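**Student:** Below you will find the structure I want to go over with you.
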Amino acid sequence: MKRQYALSVIILAAVTAHTSAQSKQDSITSTKDINEIVLVSSRSPKQISDIPGTVWIIGEKELQTQIKGGAGLKEVLGNMIPGFDFGNQGRTNYAQNMRGRNVLVMLNGVSLNSTRASSRQFDAIDPFNIERIEVLSGASAIYGGDSTGGIINIITKKPTSDKLEFETSVGLKTGFHKGDLDKRIAQSVQGGNDAVKFRLGAAFTQNEGAFDAKGDQIITDVKQADFQYNRSIDLLGGLSVKLSPDQDLNLDLQYYNSKVRNKKWLSFGPGFTGFTTKNPDLINVLDGSDSDVVPRTERFMANLQYSLRNILGGHNLLLQGYGRREEVDFGASFAEVPKPPAGVVLPVFLSSARGNTDVYGAKAVLSKKWNAFNFTYGTDIDFENFKGDQAIFNPQKSSESGGLINKTDAFVGRYPDTKIFTLAGFIQADWNITKQLTLSGGIRQQFINVKLDDFVGFKEQVYMHFGYGNSADVVKGGKNNYDVTLLNGSLLYKITPSSQTWFSFSQGFAIPDAAKSYGFGKYQLNNNRWNLLNSMNIAEQPLSGIKTDQFELGFRHNRGAEPGFYAQGSVFYALSSKTLKIDNAAFTVSLLDQKLRNFGFEGALGYRFAQGLELGGNILLMESETKTLDKGWQNQSVYTTNPSKFMTFAGWNAKRFSLRLQMQNSMNYTDLADMKINGYTLFDFMGDIKLNKGTINFGIQNIFNKQYTTIWGQRSVFFYGAPQKAFAYQGRGTTFSVGYTINY
């Protein structure tokens with residue numbers, strides 16, 4: 001298998017290296033115009049042709065064609081970003097990695113990642129309000145934490161018009177089963193004058209049930225939740241003020257609420273017999289759900305940016321201040337409480353997790369061009385507070401309804417309260433040695449302080465709730481400091497104005513999820529008190545961070561809108577000294593002193609004909625391995641690793657309409673414990689018709705009605721076990737989408 005893999009990398013790299021042109025702006029797998037200005041690579045505006053790294057741009061046209069054709073945001077990103085894993089149709093993006101590593105997701109430069117990795121970064125904005133998405137593949141020393149695999153920066157629509165303008169968009173999605181009609185409607189208004197412009201966008205969606213290829217309703221994802229019976233609203237306001245020819249002020253305000261309605265939920269049968277007897281016939285999605293806590297993502301965010309040009313001898317200054325408040329709820333499911341000690345008998349009960357996160361911070365960036373040199377330097381500072389609780393539902397009411405009706409008896413602490421302070425400084429420099437050759441390098445010094453409060457173990461809080469003990473020792477809190485230096489360096493050579501090749505080295509850094517790493521221990525019940533015998537606490541067992549070193553050799557070639565070949569590709573190798581280990585019984589994490597490496601090829605290749613026909617695709621071929629003491633390098637666990645994949649498409653672009661047929665293929669993957677994720681192949685069709693007023697969009701997802709279990713559904717079974725029917729989240733069968741959008 002490895003020999004075939006290596007041969008595939010060589011062949012694809014050779015094909016990429018001999019291509020000679022770039023597709024037009026609307027290409028799904030292209031980097032768009034090579035002269036386009038992006039921010040994601042170096043924190044200051046830079047042309048793609050000057051970037052020594054793999055950059056992908058998803059423009060509004062490409063994004064909306066896919067979204068209005070029926071795909072969700074995570075699915076679109078998985079299809080269009082070669083190095084990013086395929087996404088499922090549920091709410092979670094757990095382990096949807098970039099090149100096998102964590103990805104830093106940002107909204108207008110503000111991180112959506114948190115210390116408690118709840119995997120809801122893409123349940124954050126309605127695509128109606130997105131202008132474009134900038135992607136940098138691979139480890140980044142420039143952005144610091146959580147960017148070991150790459151960066152996805154979602155950029156929202158900004159006010160651009162001097163006069164009053166409106167946009168209206170409506171759409172429907174269905175598989176023509178009873179009760180599966182999803183609806184969306186969105187409206188925006190913008191206007192202003194030369195000095196002040198505004199935009200207000202509002203998007204509303206309401207989903208019903210979803211059905212697999214057999215016509216059966218997809219079992220509700222009770223652990224991470226999905227979007228069945230979900231209702232969401234995204235309100236995004238933008239204000240742009242031109243203070244002077246060299247001064248700009250931009251303000252973004254967002255309110256986002258995505259919440260499952262109390263309509264249907266998963267029933268395990270009277271007395272939970274479908275779960276306790278592992279009888280899948282008793283597990284079904286039924287009417288009549290009524291739960292105090294339902295899956296929900298609610299977010300408030302404010303982002304203020306100020307730019308000032310030509311100061312201090314030709315510097316450009318960018319200042320940014322931001323705040324984000326986020327509340328995340330999970331659905332009613334069986335609590336993750338390991339087997340209790342002798343003498344403690346717990347009823348079968350359901351619970352829901354809840355996490356609240358507050359983040360606020362500021363950034364300052366200065367950039368200057370001086371002869372053959374470009375300098376970018378600045379500082380970041382942010383504060384984060386996290387609080388995690390668990391709702392314990394009344395066992396009798398939940399049991400009588402099979403899990404449909406859940407009333408809260410109490411809230412207990414799920415994780416220790418966590419506070420994180422980050423301060424970092426960085427400097428980047430480019431030296432244009434010649435017109436063709438550029439040497440770049442930089443350093444980031446980052447200080448992170450993680451502080452945890454004292455905490456009584458979650459299990460012991462549950463035991464006390466059910467009458468076993470009335471007091472408990474606390475697991476001591478404390479703090480841990482991380483002081484890390486991250487380096488990067490690269491050489492970029494411009495073969496022609498439309499072709500570049502590069503070699504780069506960059507370091508990324510991530511700290512373990514503190515909430516899952518600490519706050520638990522071994523207790524013993526004596527005289528109605530839980531005495532702590534030993535514990536995992538941050539003061540006595542500080543976990544080190546994970547630093548990743550990445551090497552990359554890449555190439556891209558494009559010529560804007562001209563017909564011909566376009567391509568971008570890179571061979572990469574990333575190595576870390578630590579491996580993350582997940583305990584799927586207690587749902588805690590730890591670090592092993594085992595090296596972890598990812599290596600492979602990421603690329604896109606296509607050809608645009610003069611008459612409108614376009615053919616292309618993208619691919620990720622990758623190995624993820626951990627070095628064990630006894631067997632050497634072995635495949636990394638399926639808990640955190642996904643298979644290699646590829647996507648191909650054929651499209652026709654005309655003035656009045658466009659059509660696209662695309663195929664996505666996920667390969668098989670087997671880890672060192674012989675646990676396997678099975679691959680699948682799906683076909684989608686989408687397009688649009690431009691009318692005199694407005695545009696009609698349409699799409700067919702899963703054309704051939706393939707029955708398959710999503711990657712998350714397969715991984716979920718490994719996490720949660722039997723009965724499989726309750727956790728093996730299925731993919732949706734053939735679905736049809738149609739929509740209409742008009743600007744006026």
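How things are named: the first chain in the structure tokens is A, the next is B, and so on; residues count from 1 in each chain; ligands count from 1 in the order shown.
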Can you pull out the residues contacting Gly69 (chain A)? Cut-off 6 Å, using only C-alpha atoms, and skip same-chain residues under 6 positions away; I want them as a list of chain:residue names.
**Tutor:**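 Neighbouring residues, sequence-local ones excluded: A:Met686, A:Phe698, A:Gly699, A:Ser737.
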**Student:** Those residues you just picked out, can you put them in a file as a JSON list (two decimals), in the first residue's frame with C-alpha atoms?
**Tutor:**
```json
[["chain", "number", "residue", "atom", "x", "y", "z"],
["A", 686, "MET", "CA", -25.67, 21.46, -9.37],
["A", 698, "PHE", "CA", -30.61, 23.91, -8.27],
["A", 699, "GLY", "CA", -28.85, 20.77, -7.16],
["A", 737, "SER", "CA", -32.55, 21.65, -3.87]]
```
**Student:** Excluding same-chain residues fewer than 5 positions from Pro416 (chain A), what lies within 7 Å of it counting only C-alpha atoms, as a ChimeraX atom specification?
**Tutor:** /A:452-455,515,519
**Student:** A:Pro497, A:Gly149, A:Gly171, A:Gly617: which is nearest Gln206 (chain A), counting only C-alpha atoms?
**Tutor:**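 Closest to Gln206 (chain A), using only C-alpha atoms: A:Gly171.
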**Student:** Would you mind reading off the distance between CA of Thr168 (chain A) and CA of Val241 (chain A), one decimal, in Å?
**Tutor:**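 According to the coordinates, CA of Thr168 (chain A) and CA of Val241 (chain A) are separated by 25.1 Å.
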**Student:** Among region 268-506 of chain A, which ones does DSSP place in strand (DSSP E or B), written as a count of residues only?
**Tutor:** 155
**Student:** Based on the backbone DSSP call, show me all residues of region 114-326 of chain A assigned alpha helix (DSSP H), as a tab-separated table (two decimals) with C-alpha atoms, in the first residue's frame.
**Tutor:**
```tsv
chain	number	residue	atom	x	y	z
A	273	THR	CA	-34.90	-1.30	26.74
A	274	GLY	CA	-33.52	-0.60	23.26
A	275	PHE	CA	-30.31	0.53	24.94
A	276	THR	CA	-30.12	-1.82	27.91
```
**Student:** Please provide the set of residues having any atom within 12 Å of Arg529 (chain A), restricted to only C-alpha atoms, with same-chain residues fewer than 3 positions apart removed, written as a PyMOL selection string.
**Tutor:** chain A and resi 456+460-461+463-464+467-474+523-526+532
**Student:** Go ahead and save the picked residues with C-alpha atoms, as a compact mmCIF listing (two decimals), in the first residue's frame.
**Tutor:**
```
# COMPACT_ATOMS: atom_id res chain seq x y z
CA VAL A 456 -14.90 17.97 42.47
CA GLU A 460 -18.46 11.96 42.30
CA GLN A 461 -20.85 14.86 41.71
CA TYR A 463 -22.89 9.91 42.78
CA MET A 464 -23.77 12.58 45.34
CA GLY A 467 -27.56 9.98 47.28
CA TYR A 468 -24.13 8.42 47.62
CA GLY A 469 -22.18 10.81 49.83
CA ASN A 470 -22.87 14.41 50.69
CA SER A 471 -19.41 15.99 50.41
CA ALA A 472 -16.16 15.47 48.53
CA ASP A 473 -12.56 16.57 48.39
CA VAL A 474 -11.63 18.82 45.49
CA TYR A 523 -11.95 8.70 45.19
CA GLN A 524 -13.06 6.51 48.06
CA LEU A 525 -16.31 6.87 50.02
CA ASN A 526 -15.77 7.05 53.78
CA LEU A 532 -9.49 11.91 47.15
```
**Student:** So which residues touch region 331-335 of chain A within 6 Å, counting only C-alpha atoms, skipping near sequence neighbours fewer than 4 positions away, as an NGL selection string?
**Tutor:** :A and (222 or 294-295 or 350-352)
**Student:** Select, from A:Leu77, A:Val345, A:Ile311, A:Ala728, the residue with the minimum atom-to-atom distance to Thr710 (chain A), counting only C-alpha atoms.
**Tutor:**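 Smallest separation from Thr710 (chain A) among the options: A:Ala728.
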**Student:** Pick from A:Gly343, A:Gly355, A:Pro45, A:Gly70: nearest to Asp389 (chain A), with only C-alpha atoms counted?
**Tutor:**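 The closest residue to Asp389 (chain A) is A:Gly355.
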**Student:** Find the spatial neighbours of Asp382 (chain A), counting only C-alpha atoms, within a cut-off of 8 Å - ignore same-chain residues fewer than 5 positions away - and output them as a list in words.
**Tutor:**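 Result of the neighbour search: Val359, Tyr360, Gly361, Ala362, Phe421, Thr422 and Leu423 of chain A.
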**Student:** Leaving out Gly59 (chain A) and any residue of its chain fewer than 5 positions from it, which residues lie within 7 Å of it when counting only C-alpha atoms, given as number ranges by chain?
**Tutor:** A: 131-133
**Student:** Would you save the residues from that selection as a PDB file, in the first residue's frame, using C-alpha atoms?
**Tutor:**
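Output file part-v5.pdb follows:
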```pdb
ATOM      1  CA  GLU A 131     -17.957  36.855   0.975  1.00  0.00           C
ATOM      2  CA  ARG A 132     -15.066  34.424   0.575  1.00  0.00           C
ATOM      3  CA  ILE A 133     -12.934  31.928   2.480  1.00  0.00           C
TER       4      ILE A 133
END
```
**Student:** For region 246-251 of chain A, please output as a ChimeraX atom specification all residues within 6 Å (counting only C-alpha atoms; exclusion window: fewer than 2 positions along the same chain).
**Tutor:** /A:238-244,303-309
**Student:** Would you mind reading off the distance between CA of Asp123 (chain A) and CA of Thr670 (chain A), one decimal, in Å?
**Tutor:** 29.3 Å
**Student:** Which one is closest to Ile696 (chain A): A:Leu172, A:Ala514, A:Leu620, A:Ile420? Count only C-alpha atoms.
**Tutor:**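 Once distances to Ile696 (chain A) are computed over only C-alpha atoms, the minimum belongs to A:Leu172.
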**Student:** Which one is closest to Phe272 (chain A): A:Glu400, A:Asp358, A:Asp380, A:Asp674? Count only C-alpha atoms.
**Tutor:**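 For Phe272 (chain A), the nearest of the candidates is A:Glu400.
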**Student:** Provide the CA of Arg199 (chain A) to CA of Arg656 (chain A) distance in Å, to one decimal place.
**Tutor:**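 Distance reported for this atom pair: 28.2 Å.
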**Student:** For a quick check of understanding, using only C-alpha atoms, which of A:Glu623, A:Asp221, A:Asp126, A:Glu62 has the smallest distance to Asn88 (chain A)?
**Tutor:** A:Asp221
